[in-house]
file protein_36.txt (compact mmCIF, C-alpha atoms)
# COMPACT_ATOMS: atom_id res chain seq x y z
CA VAL E 15 121.58 110.92 106.66
CA LYS E 16 119.69 113.50 108.69
CA PRO E 17 116.41 114.84 107.31
CA ALA E 18 117.04 118.23 105.70
CA PHE E 19 113.39 119.06 105.12
CA ALA E 20 110.16 119.08 107.08
CA PRO E 21 106.48 119.13 106.14
CA GLY E 22 105.60 122.54 104.73
CA ASP E 23 109.01 123.15 103.19
CA ARG E 24 109.15 124.22 99.56
CA VAL E 25 111.46 121.99 97.56
CA ARG E 26 112.56 121.45 94.00
CA VAL E 27 113.29 118.07 92.45
CA ARG E 28 116.80 118.05 91.06
CA ALA E 29 117.07 117.49 87.34
CA LEU E 30 119.75 114.84 87.63
CA ASN E 31 120.04 112.30 84.90
CA PRO E 32 122.31 109.66 86.36
CA GLN E 33 123.23 106.62 84.35
CA GLY E 34 121.44 103.48 85.39
CA HIS E 35 118.44 102.95 87.59
CA TYR E 36 116.72 105.60 89.71
CA ARG E 37 113.23 106.09 91.11
CA THR E 38 112.51 109.75 90.57
CA PRO E 39 110.04 109.96 87.69
CA TYR E 40 111.26 112.04 84.79
CA TYR E 41 108.07 114.10 84.62
CA LEU E 42 108.92 115.58 88.03
CA HIS E 43 112.54 116.51 87.33
CA GLY E 44 113.04 120.22 88.01
CA ARG E 45 109.50 120.65 89.38
CA ARG E 46 108.70 122.60 92.53
CA GLY E 47 106.51 121.24 95.27
CA VAL E 48 105.80 121.18 98.98
CA VAL E 49 106.85 118.48 101.44
CA THR E 50 103.74 116.99 103.02
CA ARG E 51 105.22 114.05 104.94
CA LEU E 52 108.52 112.59 106.08
CA VAL E 53 108.11 108.93 105.18
CA GLY E 54 111.32 107.66 106.80
CA ASP E 55 114.72 106.37 105.76
CA GLN E 56 114.93 104.00 102.81
CA PRO E 57 117.80 102.36 100.93
CA ASN E 58 119.01 104.35 97.94
CA PRO E 59 117.58 102.58 94.86
CA GLU E 60 120.48 103.72 92.69
CA GLU E 61 122.80 101.74 94.98
CA LEU E 62 120.48 98.75 95.24
CA ALA E 63 120.41 98.47 91.46
CA CYS E 64 124.19 97.97 91.52
CA HIS E 65 123.93 95.02 93.91
CA ARG E 66 124.93 97.13 96.87
CA ILE E 67 122.96 97.53 100.09
CA GLY E 68 121.73 101.07 99.52
CA VAL E 69 123.75 102.98 102.10
CA PRO E 70 123.56 105.64 103.16
CA PHE E 71 119.82 105.26 103.50
CA GLN E 72 118.04 108.42 102.38
CA PRO E 73 115.15 110.19 104.05
CA VAL E 74 112.12 109.90 101.77
CA TYR E 75 109.47 112.61 101.59
CA THR E 76 106.03 112.78 100.12
CA VAL E 77 106.04 115.91 97.98
CA ALA E 78 102.89 117.51 96.57
CA PHE E 79 103.01 119.27 93.21
CA GLU E 80 100.45 121.55 91.62
CA PHE E 81 99.17 120.11 88.35
CA GLU E 82 100.13 123.27 86.47
CA GLU E 83 103.70 123.16 87.81
CA VAL E 84 104.10 119.67 86.39
CA TRP E 85 102.25 119.92 83.09
CA GLY E 86 101.87 123.62 82.36
CA ARG E 87 98.13 123.15 82.05
CA ARG E 88 95.87 124.68 84.64
CA ASP E 89 93.69 122.54 86.89
CA PRO E 90 93.89 124.11 90.34
CA ALA E 91 91.95 121.29 92.01
CA VAL E 92 94.49 118.61 91.01
CA LYS E 93 97.65 117.78 92.89
CA ILE E 94 100.18 115.06 92.24
CA THR E 95 102.12 113.52 95.10
CA ALA E 96 105.23 111.37 94.86
CA ASP E 97 107.74 109.93 97.32
CA ILE E 98 111.14 111.47 96.63
CA PHE E 99 114.54 110.56 98.07
CA GLN E 100 116.34 113.40 99.83
CA HIS E 101 119.38 113.42 97.54
CA TRP E 102 117.00 114.32 94.71
CA LEU E 103 115.65 117.39 96.52
CA GLU E 104 116.94 120.89 97.03
CA GLY E 105 115.42 123.71 99.02
CA ASP E 106 113.35 126.16 97.00
CA GLY E 107 113.61 129.49 98.74
CA ALA E 108 112.15 131.26 95.72
CA ARG E 109 108.60 131.23 97.04
CA MET Z 13 88.72 101.99 80.12
CA ALA Z 14 91.36 100.02 78.27
CA HIS Z 15 88.93 99.07 75.56
CA ASP Z 16 87.35 102.33 74.58
CA HIS Z 17 89.78 105.10 75.38
CA HIS Z 18 91.72 104.84 72.12
CA HIS Z 19 88.75 105.94 70.07
CA ASP Z 20 89.39 109.43 71.41
CA HIS Z 21 93.01 109.42 70.35
CA GLY Z 22 93.50 108.26 66.83
CA ASP Z 23 97.10 109.45 66.85
CA HIS Z 24 98.70 106.75 68.96
CA GLY Z 25 99.89 104.92 65.89
CA HIS Z 26 100.18 101.54 67.53
CA ASP Z 27 98.00 98.55 68.18
CA PRO Z 28 96.83 98.96 71.77
CA HIS Z 29 96.63 95.17 72.04
CA ALA Z 30 100.19 94.53 70.99
CA PRO Z 31 101.90 92.21 73.49
CA ILE Z 32 104.35 94.77 74.81
CA GLU Z 33 103.30 94.74 78.42
CA GLU Z 34 103.15 92.36 81.29
CA ALA Z 35 99.50 93.28 81.53
CA HIS Z 36 98.86 91.44 78.32
CA GLY Z 37 100.39 88.27 79.66
CA ALA Z 38 103.30 87.82 77.28
CA ALA Z 39 106.70 87.38 78.89
CA SER Z 40 109.53 87.16 76.36
CA ASP Z 41 111.19 83.80 75.72
CA GLU Z 42 114.39 85.33 77.02
CA SER Z 43 112.98 86.32 80.39
CA VAL Z 44 111.23 82.96 80.78
CA ALA Z 45 114.56 81.18 80.16
CA LEU Z 46 116.38 83.54 82.50
CA GLU Z 47 113.86 83.01 85.30
CA ARG Z 48 114.08 79.27 84.92
CA ALA Z 49 117.89 79.19 84.89
CA LEU Z 50 118.12 81.44 87.94
CA ARG Z 51 115.49 79.53 89.88
CA GLU Z 52 117.06 76.12 89.13
CA LEU Z 53 120.49 77.40 90.11
CA LEU Z 54 119.27 78.83 93.42
CA ILE Z 55 117.48 75.58 94.21
CA ALA Z 56 120.58 73.53 93.28
CA LYS Z 57 122.69 75.72 95.56
CA GLY Z 58 120.25 75.25 98.42
CA VAL Z 59 119.26 78.92 98.73
CA PHE Z 60 115.61 77.89 98.74
CA THR Z 61 113.50 74.93 97.72
CA ALA Z 62 110.88 74.45 95.02
CA GLU Z 63 108.39 73.86 97.83
CA ALA Z 64 109.26 77.22 99.37
CA ILE Z 65 108.57 78.96 96.04
CA ARG Z 66 105.26 77.17 95.69
CA ARG Z 67 104.31 78.18 99.22
CA GLN Z 68 105.19 81.82 98.54
CA ILE Z 69 103.11 81.87 95.34
CA GLU Z 70 100.21 80.32 97.23
CA GLU Z 71 100.56 82.89 99.99
CA THR Z 72 100.75 85.80 97.52
CA GLU Z 73 97.75 84.61 95.57
CA SER Z 74 95.69 84.07 98.72
CA ARG Z 75 95.63 87.83 99.27
CA THR Z 76 92.50 89.41 97.83
CA PRO Z 77 90.70 92.76 98.00
CA GLU Z 78 88.39 91.25 100.65
CA LEU Z 79 91.20 91.79 103.15
CA GLY Z 80 91.33 95.49 102.38
CA ALA Z 81 87.53 95.66 102.45
CA LYS Z 82 87.47 94.28 106.00
CA VAL Z 83 89.96 96.93 107.10
CA VAL Z 84 87.91 99.70 105.47
CA ALA Z 85 84.65 98.49 107.03
CA HIS Z 86 86.30 98.36 110.44
CA ALA Z 87 87.67 101.89 110.01
CA TRP Z 88 84.20 103.13 109.01
CA THR Z 89 82.69 101.82 112.23
CA ASP Z 90 85.47 102.50 114.73
CA PRO Z 91 86.84 106.06 114.79
CA ALA Z 92 89.76 105.14 117.06
CA TYR Z 93 90.79 102.38 114.65
CA LYS Z 94 90.47 104.75 111.71
CA ALA Z 95 92.76 107.26 113.41
CA TRP Z 96 95.33 104.51 114.05
CA LEU Z 97 95.03 103.27 110.45
CA LEU Z 98 95.69 106.74 109.06
CA ARG Z 99 98.62 107.25 111.44
CA ASP Z 100 100.31 103.83 111.20
CA ALA Z 101 98.66 101.65 108.58
CA LYS Z 102 101.12 98.79 108.77
CA ALA Z 103 100.63 98.21 112.48
CA ALA Z 104 96.86 98.74 112.30
CA VAL Z 105 96.42 96.32 109.36
CA GLN Z 106 98.74 93.73 110.86
CA GLU Z 107 96.93 93.77 114.17
CA PHE Z 108 93.41 93.69 112.74
CA LEU Z 109 93.93 91.08 110.00
CA GLY Z 110 96.48 89.03 111.90
CA ILE Z 111 98.83 88.91 108.92
CA ALA Z 112 102.57 89.61 109.03
CA LEU Z 113 103.71 92.65 107.06
CA ASN Z 114 107.14 92.99 108.63
CA LEU Z 115 109.11 92.26 105.45
CA THR Z 116 106.93 94.30 103.14
CA PRO Z 117 107.30 97.95 102.14
CA GLY Z 118 105.71 100.76 104.10
CA LEU Z 119 101.97 101.14 103.94
CA ILE Z 120 100.00 104.39 104.01
CA VAL Z 121 96.23 104.74 103.97
CA VAL Z 122 94.92 107.96 102.42
CA GLU Z 123 91.41 109.05 103.32
CA ASN Z 124 88.89 110.14 100.75
CA THR Z 125 86.30 112.66 101.88
CA PRO Z 126 83.56 114.57 100.08
CA ARG Z 127 86.19 117.30 99.48
CA VAL Z 128 89.37 115.33 98.75
CA HIS Z 129 89.67 112.33 96.43
CA HIS Z 130 92.85 110.26 96.10
CA VAL Z 131 93.71 107.90 93.28
CA ILE Z 132 96.81 105.72 93.43
CA CYS Z 133 99.21 104.69 90.71
CA CYS Z 134 102.81 103.76 90.05
CA THR Z 135 104.17 105.54 87.00
CA LEU Z 136 107.55 103.79 87.22
CA CYS Z 137 106.41 100.17 87.40
CA SER Z 138 103.39 98.62 89.10
CA CYS Z 139 103.78 99.13 92.87
CA TYR Z 140 100.54 98.06 94.49
CA PRO Z 141 99.51 97.08 98.03
CA ARG Z 142 99.51 93.38 97.17
CA THR Z 143 99.65 92.22 100.76
CA VAL Z 144 96.23 93.74 101.37
CA LEU Z 145 94.61 93.94 97.92
CA GLY Z 146 96.20 90.94 96.18
CA ILE Z 147 97.36 90.90 92.57
CA PRO Z 148 96.81 94.24 90.79
CA PRO Z 149 94.34 94.41 87.91
CA ALA Z 150 95.88 94.28 84.44
CA TRP Z 151 94.90 97.87 83.66
CA TYR Z 152 96.76 99.15 86.73
CA LYS Z 153 100.01 97.86 85.23
CA SER Z 154 99.27 99.11 81.73
CA ARG Z 155 101.24 101.93 80.22
CA GLU Z 156 98.00 103.71 79.39
CA TYR Z 157 96.86 103.98 82.99
CA ARG Z 158 100.31 104.71 84.40
CA SER Z 159 100.99 107.57 82.03
CA ARG Z 160 97.53 109.05 81.67
CA VAL Z 161 96.41 109.03 85.30
CA VAL Z 162 99.05 111.63 86.14
CA SER Z 163 98.74 113.72 82.98
CA GLU Z 164 94.95 113.70 82.51
CA PRO Z 165 93.52 112.27 85.72
CA ARG Z 166 90.01 113.66 85.28
CA ALA Z 167 89.66 112.09 81.86
CA VAL Z 168 90.89 108.74 83.18
CA LEU Z 169 88.47 108.76 86.13
CA LYS Z 170 85.65 109.68 83.75
CA GLU Z 171 86.44 106.59 81.69
CA PHE Z 172 86.06 104.58 84.89
CA GLY Z 173 82.66 106.21 85.32
CA LEU Z 174 83.70 108.60 88.05
CA GLU Z 175 83.12 112.31 87.58
CA LEU Z 176 84.22 114.52 90.45
CA GLY Z 177 82.67 117.90 91.05
CA PRO Z 178 84.84 121.03 90.73
CA GLU Z 179 84.74 121.45 94.52
CA VAL Z 180 86.63 118.18 95.02
CA GLU Z 181 90.40 118.32 95.24
CA LEU Z 182 91.87 115.43 93.27
CA ARG Z 183 95.19 114.01 94.47
CA VAL Z 184 97.04 111.58 92.25
CA VAL Z 185 99.37 109.52 94.43
CA ASP Z 186 102.39 108.18 92.55
CA SER Z 187 104.03 105.29 94.45
CA THR Z 188 107.65 106.04 93.62
CA ALA Z 189 109.49 104.69 96.70
CA ASP Z 190 109.12 101.82 99.16
CA VAL Z 191 105.62 102.74 100.27
CA ARG Z 192 102.35 101.28 99.10
CA TYR Z 193 99.12 103.23 99.25
CA ILE Z 194 95.54 102.23 99.89
CA VAL Z 195 92.56 104.55 99.62
CA LEU Z 196 90.02 104.63 102.45
CA PRO Z 197 86.88 105.38 100.43
CA VAL Z 198 83.99 107.52 101.63
CA ARG Z 199 81.35 105.53 103.49
CA PRO Z 200 78.32 105.49 101.22
CA PRO Z 201 75.09 107.19 102.31
CA GLY Z 202 72.30 104.98 103.59
CA THR Z 203 74.60 102.60 105.46
CA GLY Z 204 73.97 103.89 108.96
CA GLY Z 205 72.63 100.73 110.52
CA MET Z 206 74.94 98.26 108.80
CA GLY Z 207 77.35 95.92 110.52
CA GLU Z 208 80.95 95.45 109.43
CA ASP Z 209 80.35 92.34 107.31
CA GLU Z 210 77.60 94.02 105.39
CA LEU Z 211 79.69 97.18 104.95
CA ALA Z 212 82.70 95.20 103.76
CA ARG Z 213 80.63 93.87 100.85
CA LEU Z 214 80.23 97.46 99.61
CA VAL Z 215 83.99 98.00 99.47
CA ASN Z 216 85.05 97.07 95.98
CA ARG Z 217 88.70 96.85 94.95
CA ASP Z 218 88.56 99.87 92.67
CA SER Z 219 87.33 102.11 95.51
CA MET Z 220 90.55 101.25 97.38
CA ILE Z 221 92.59 102.27 94.32
CA GLY Z 222 90.50 105.40 93.96
CA VAL Z 223 89.09 104.93 90.46
CA ALA Z 224 85.63 104.33 91.91
CA LEU Z 225 83.51 105.07 94.95
CA ALA Z 226 82.38 102.37 97.36
CA ARG Z 227 79.09 100.83 96.27
CA GLU Z 228 75.84 102.23 97.56
CA PRO Z 229 73.53 99.65 99.14
CA ASP Z 230 70.62 98.40 97.03
CA ARG Z 231 67.48 100.24 97.91
CA ALA Z 232 64.70 97.96 99.08
call {"tool": "encode", "arguments": {"input": "protein_36.txt", "output": "structure tokens"}}
result
Amino acid sequence: VKPAFAPGDRVRVRALNPQGHYRTPYYLHGRRGVVTRLVGDQPNPEELACHRIGVPFQPVYTVAFEFEEVWGRRDPAVKITADIFQHWLEGDGAR
Amino acid sequence: MAHDHHHDHGDHGHDPHAPIEEAHGAASDESVALERALRELLIAKGVFTAEAIRRQIEETESRTPELGAKVVAHAWTDPAYKAWLLRDAKAAVQEFLGIALNLTPGLIVVENTPRVHHVICCTLCSCYPRTVLGIPPAWYKSREYRSRVVSEPRAVLKEFGLELGPEVELRVVDSTADVRYIVLPVRPPGTGGMGEDELARLVNRDSMIGVALAREPDRA
């Protein structure tokens, strides 16, 4: 899978709720952030959990979120970063 | 932190010492039986040997925070090495420590500065850079730390005795994929003339997780 995003891109974590195992923490579902790093391709954990080999591998990005975007409480000096698989991200052209 | 935080929150409604977490050392009878059955079956089928398991446990438990401390001290004294470490931690750690990391997850070193402070966590489970820091502390795996460090990071750091000024950007790094993080702490003041061995002794485990600063040298 080709990388669809690059550092600096604004993205939104998709609010999927698939059955079974996934590695996108619930507290970030639907939250907007900025890509800070392309980590590389990694096996899809949702596939691995079903005893498959995780193909297609997904590009993984470090995404930085403002604290307020995540929790609705203001602390401008705090950011949260997480490593998110590409199929959980969509472009966020809104800002 | 695990022993005094709950005084602030009388509304949790549960015994914080209840054996619900791995951190408290209680695996269920069911999982113990399952592990044993699976292990014995794999040995019987020749997938691996009991000796190989023992060797792997020995190897895993031989890793300690002193390894990470050596890497940090080297990065403090050699700017070219530090640049390599921040760019490609796996290769830089492998080369310097002479340990093989080829089968382990990715490794990223994040640099703390007087303006930016990182703290690492894994809200989903207990991902931790074991190959370089060894077995994670019990609190790192606790539900309290994993949930609170992302939702009230300043309060959590304060419980660890670390209060950051308002000018410091705090970045909470959640290890959600196949990457492990290590913090490169700020080199303490008053360490100008120190050699690497002496510096490494100032690098405590918690400073590489980001819940503490590296120790300052004792003043003579």
call {"tool": "interface_residues", "arguments": {"input": "protein_36.txt", "of": "chain E", "to": "chain Z", "cutoff": "8 Å", "atoms": "only C-alpha atoms", "output": "list in words"}}
result
Arg37, Thr38, Pro39, Gln56, Val74, Trp85, Ala91, Val92, Lys93, Ile94, Thr95, Ala96, Asp97, Ile98 and Phe99 of chain E
call {"tool": "write_last_selection", "arguments": {"input": "protein_36.txt", "atoms": "C-alpha atoms", "output": "PDB file, in the frame of the given file"}}
result
ATOM      1  CA  ARG E  37     113.230 106.090  91.110  1.00  0.00           C
ATOM      2  CA  THR E  38     112.510 109.750  90.570  1.00  0.00           C
ATOM      3  CA  PRO E  39     110.040 109.960  87.690  1.00  0.00           C
ATOM      4  CA  GLN E  56     114.930 104.000 102.810  1.00  0.00           C
ATOM      5  CA  VAL E  74     112.120 109.900 101.770  1.00  0.00           C
ATOM      6  CA  TRP E  85     102.250 119.920  83.090  1.00  0.00           C
ATOM      7  CA  ALA E  91      91.950 121.290  92.010  1.00  0.00           C
ATOM      8  CA  VAL E  92      94.490 118.610  91.010  1.00  0.00           C
ATOM      9  CA  LYS E  93      97.650 117.780  92.890  1.00  0.00           C
ATOM     10  CA  ILE E  94     100.180 115.060  92.240  1.00  0.00           C
ATOM     11  CA  THR E  95     102.120 113.520  95.100  1.00  0.00           C
ATOM     12  CA  ALA E  96     105.230 111.370  94.860  1.00  0.00           C
ATOM     13  CA  ASP E  97     107.740 109.930  97.320  1.00  0.00           C
ATOM     14  CA  ILE E  98     111.140 111.470  96.630  1.00  0.00           C
ATOM     15  CA  PHE E  99     114.540 110.560  98.070  1.00  0.00           C
TER      16      PHE E  99
END
call {"tool": "closest_atom_pairs", "arguments": {"input": "protein_36.txt", "of": "stretch 68-87 of chain E", "to": "stretch 24-36 of chain E", "cutoff": "10 Å", "atoms": "only C-alpha atoms", "output": "CSV"}}
result
residue,atom,partner,partner_atom,distance
E:Val77,CA,E:Val25,CA,8.2
E:Ala78,CA,E:Arg24,CA,9.7
E:Phe79,CA,E:Arg26,CA,9.8
call {"tool": "atom_distance", "arguments": {"input": "protein_36.txt", "atom1": "atom CA of E:Pro70", "atom2": "atom CA of E:Glu104"}}
result
17.7 Å
call {"tool": "atom_distance", "arguments": {"input": "protein_36.txt", "atom1": "atom CA of Z:Asn114", "atom2": "atom CA of E:Gly54"}}
result
15.4 Å
call {"tool": "atom_distance", "arguments": {"input": "protein_36.txt", "atom1": "atom CA of Z:Gly205", "atom2": "atom CA of Z:Tyr93"}}
result
18.7 Å
call {"tool": "closest_residue", "arguments": {"input": "protein_36.txt", "among": "E:Gly68, E:Gly22, E:Pro73, E:Pro57", "to": "E:Gln100", "atoms": "only C-alpha atoms"}}
result
E:Pro73
call {"tool": "closest_residue", "arguments": {"input": "protein_36.txt", "among": "E:Glu82, E:Pro90, E:Glu61, E:Val53", "to": "Z:Arg192", "atoms": "only C-alpha atoms"}}
result
E:Val53
call {"tool": "residues_around", "arguments": {"input": "protein_36.txt", "residues": "stretch 57-72 of chain Z", "least_positions_apart": "5", "cutoff": "12 Å", "atoms": "only C-alpha atoms", "output": "list of chain:residue names"}}
result
Z:Arg48, Z:Leu50, Z:Arg51, Z:Glu52, Z:Ile111, Z:Ala112, Z:Thr116, Z:Pro141, Z:Arg142, Z:Thr143, Z:Val144, Z:Leu145, Z:Gly146, Z:Ile147, Z:Pro148
call {"tool": "closest_residue", "arguments": {"input": "protein_36.txt", "among": "Z:Ala224, Z:Val215, Z:Leu196, Z:Met206", "to": "Z:Leu174", "atoms": "all atoms listed in the file"}}
result
Z:Ala224
call {"tool": "residues_around", "arguments": {"input": "protein_36.txt", "residues": "Z:Ser219", "least_positions_apart": "3", "cutoff": "12 Å", "atoms": "all atoms listed in the file", "output": "PyMOL selection string"}}
result
chain Z and resi 77+80-81+84+122-124+129-132+145+169+172-174+194-200+212-216+222-228
